[in-house]
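The structure under discussion appears below in the form of C-alpha cells.
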Amino acid sequence: MKIPANKLSPQFFKYQKEYEEKALKVLRSGYYVLGEEVNLFEKEFADFVGTKHCVGLASGLDALWISFRLLGIGKGDEVIVQSNAYIASVMGITINGATPIFVEPDEFFGLDPLKISEKITSKTKAILVVHLYGNPCDMEKITFIAKKHKLYLIEDCAQAHGATISNKQVGTFGDIGCFSFYPSKNLGAFGEAGAITTNSEELAQKFKVFRNYGSEKRYHNMVVGTNSRLDEMQAGLLRVKLSHLKELNEERISVCKKYSEKIKNPLIKLPKFQQNFSSVFHQFVIRTNHRAKLIEFLEENEIGSLIHYPIPPHLSEAYGYLNHKKGDFPIAENFSDTVLSLPLFNGISDDEIDYICRKINEFKV
Ligand SMILES: *Cc1c(COP(=O)(O)O)cnc(C)c1O
C-alpha cells in the first residue's frame, strides 16, 4: 500500500461537478478580478468565522505583512511571535522592518502565555499567535495579556480555518485574523489566495484600499498600496469549498481520532490538546527521538511523512541578521528535531489509516 503524506486530488473529485460548474460560470462571466464572487466569498467567510468583515487578498503572507503595515508596525518596533512559527509568519513581521521577538511554545505547539510578559518592552507593539497544525493557541490568556499591555493581537489562522475554543472561532479573538487559502490548507483554493477577518470597519476599509494600489476610486490613489487582489476564479471555487468545509474538517478530525486511538508505541508521543479546544487538524504531528529511523522505516513501507518544520525561524539563514544561535530557544529546537507529520488528507481511507497505525506500532529501534 503506497500512501503519500498529502494528496489534493480526492477532495477535488469529491465535489467535481460543483467546482467545474463554478469555473465555467466565472470563465463565461467576463469578470475575473474583484467582482461578485469575491464580494460573496468575503461575506460568507466573515459569517463562517464570526467577524463583521473579511477582505480577500492574494495570499496568506500578504494578509500578514499588510496587517502589520496598516497597523503602523515597522522599523524599531517589536512583535512577539512563537519560536516554532512557520517562516511566513515571521516574514509577515520583518517585511515591514519590525523585529520578531521569539517566545517559546507550550506543549500544545502554541505560543506559551506564561512566557510572553517577560519579553514585553517599551518597543513591543503586537503579539502574533500562530494556530499551528490547526490547533488554537491559548487565546483567553493571550488576549488578557495583549489588553493589559495595550498591544495589537494578530492571529495567523493559515492552518486553522474553523478551529475553535469553546465554540468561538480563531480569527475572532484578535484585532485581525490572517488566513491563507494555499491549496494544501484546510480551506484551499486552486491557486494562490488569502484573506483577513476583523470586526473593525475602519481596518477592513483600509485593507480594501491597500490591496488595490491604494485606491478606492479608480485612478485616485490615497496611499502607496500594493496589488493583492483576490480573483474571481479562486473566490468562486473557495465559495464551493467553504460550503463543504465543515464536513471536510470533520473528516480530518475523525482520521486523527483514529490515529490517536490506534497508535500505541512507547517510542511515539501523540499530540496533546486542551479541554474545549477544537483543532481542525491541518497536520497530525507526532514526536519521536528516533525520527530519522522512523522516516526510513515508513519509507520502506511506502508511507510518506513530512517535517513541519525542520529549522526554527531563529536558526534559518534568512534570519542570520538577528544573531540568534543554537540553544537560544531549546523547546522550538527540540520540536524541530522530533516532530513528524503523518499522512493526512481528505479522502484517506480507513484501510490506509489502519495500515499506517499497524506499521507505526511495529516500529522499534
Ligand atoms: C501557509 C501559511 C502562511 C502563508 O500563506 P501563503 O498563502 O502561502 O502566503 C502563513 N502562515 C502559516 C502558519 C501558514 O501555514
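Going through the C-alpha cells in order, the chains are called A, B, and so on, while each chain numbers its residues from 1 and the ligands are numbered from 1 in the order shown.
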
Worksheet item: What do you get as JSON, numbers by chain if you pick all residues at most 10 Å from ligand 1, counting only C-alpha atoms and all ligand atoms?
Response: {"A": [57, 58, 59, 60, 61, 62, 63, 64, 65, 85, 86, 87, 88, 89, 90, 91, 92, 129, 130, 131, 132, 133, 134, 155, 156, 157, 158, 159, 160, 178, 179, 180, 181, 182, 183, 184, 185, 188, 189, 191, 192, 193, 194, 195, 282, 308]}

Worksheet item: Got a sec: who's within 8 Å of region 73-78 of chain A, counting only C-alpha atoms, leaving out chain neighbours fewer than 4 positions off, as JSON, numbers by chain?
Response: {"A": [68, 69, 93, 94, 96, 97, 98, 99, 100, 101, 123, 124, 125, 126]}

Prev. selection, N, CA and C atoms, output as an mmCIF file, in the first residue's frame:
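The resulting part.cif:
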```cif
data_model
loop_
_atom_site.group_PDB
_atom_site.id
_atom_site.type_symbol
_atom_site.label_atom_id
_atom_site.label_comp_id
_atom_site.auth_asym_id
_atom_site.auth_seq_id
_atom_site.Cartn_x
_atom_site.Cartn_y
_atom_site.Cartn_z
ATOM 1 N N PHE A 68 0.446 44.215 9.466
ATOM 2 C CA PHE A 68 1.423 44.996 10.244
ATOM 3 C C PHE A 68 1.618 46.382 9.622
ATOM 4 N N ARG A 69 1.628 46.443 8.291
ATOM 5 C CA ARG A 69 1.793 47.729 7.617
ATOM 6 C C ARG A 69 0.661 48.675 8.000
ATOM 7 N N ILE A 93 6.143 39.840 9.720
ATOM 8 C CA ILE A 93 6.629 40.870 10.653
ATOM 9 C C ILE A 93 7.803 41.633 10.043
ATOM 10 N N THR A 94 8.759 40.905 9.488
ATOM 11 C CA THR A 94 10.029 41.538 9.113
ATOM 12 C C THR A 94 9.972 42.265 7.773
ATOM 13 N N ASN A 96 8.059 44.473 6.994
ATOM 14 C CA ASN A 96 7.844 45.875 7.341
ATOM 15 C C ASN A 96 8.992 46.475 8.137
ATOM 16 N N GLY A 97 10.019 45.682 8.413
ATOM 17 C CA GLY A 97 11.172 46.188 9.158
ATOM 18 C C GLY A 97 11.083 46.017 10.656
ATOM 19 N N ALA A 98 9.988 45.443 11.155
ATOM 20 C CA ALA A 98 9.871 45.218 12.596
ATOM 21 C C ALA A 98 10.711 44.009 13.007
ATOM 22 N N THR A 99 10.978 43.901 14.294
ATOM 23 C CA THR A 99 11.824 42.822 14.815
ATOM 24 C C THR A 99 10.979 41.750 15.498
ATOM 25 N N PRO A 100 11.135 40.494 15.077
ATOM 26 C CA PRO A 100 10.410 39.422 15.768
ATOM 27 C C PRO A 100 11.086 39.099 17.096
ATOM 28 N N ILE A 101 10.293 39.044 18.150
ATOM 29 C CA ILE A 101 10.811 38.638 19.465
ATOM 30 C C ILE A 101 10.218 37.264 19.742
ATOM 31 N N LYS A 123 9.204 48.804 23.314
ATOM 32 C CA LYS A 123 9.118 48.755 21.845
ATOM 33 C C LYS A 123 8.067 47.770 21.341
ATOM 34 N N THR A 124 7.552 46.936 22.223
ATOM 35 C CA THR A 124 6.593 45.913 21.786
ATOM 36 C C THR A 124 5.301 46.560 21.317
ATOM 37 N N LYS A 125 4.874 46.178 20.111
ATOM 38 C CA LYS A 125 3.651 46.767 19.567
ATOM 39 C C LYS A 125 2.537 45.734 19.381
ATOM 40 N N ALA A 126 2.925 44.477 19.220
ATOM 41 C CA ALA A 126 1.904 43.476 18.893
ATOM 42 C C ALA A 126 2.348 42.071 19.289
#
```

Worksheet item: If we count only C-alpha atoms, what is near region 29-42 of chain A at a cut-off of 10 Å, once residues fewer than 4 positions away on the same chain are taken out, given as number ranges by chain?
Response: A: 22-25, 46-48, 53-57, 195-197, 212, 229-240, 242

Practice prompt. Give me every helix (DSSP H, G or I) residue in region 4-121 of chain A, going by DSSP on the backbone, as a PyMOL selection string.
Written response: chain A and resi 9-14+16-29+36-49+60-70+87-94+113-115+117-119

Using 8 Å as the limit and counting only C-alpha atoms, can you tabulate each residue of region 34-106 of chain A that touches region 322-334 of chain A, with its shortest atom-to-atom distance in Å and the two atoms involved, as a tab-separated table?
```
residue	atom	partner	partner_atom	distance
A:Ser83	CA	A:Ala332	CA	5.7
A:Asn84	CA	A:Ala332	CA	4.9
A:Val103	CA	A:Phe329	CA	7.9
A:Glu104	CA	A:Ile331	CA	6.4
A:Pro105	CA	A:Ala332	CA	6.8
```

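Distances to Ala5 (chain A) were evaluated for A:Asn227, A:Ser349, A:Gln274, A:Ser341 using only C-alpha atoms, and the minimum falls at A:Ser341.
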
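Residues with any atom within 6 Å of Ile303 (chain A), counting only C-alpha atoms and excluding same-chain neighbours fewer than 3 positions away, are Ile3, Leu298 and Glu299 of chain A.
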
Fill in: Within 12 Å of Glu247 (chain A) using only C-alpha atoms, minus same-chain residues under 3 positions, as a PyMOL selection string
chain A and resi 11+14+162+186-187+241-244+250-254+280+346-347
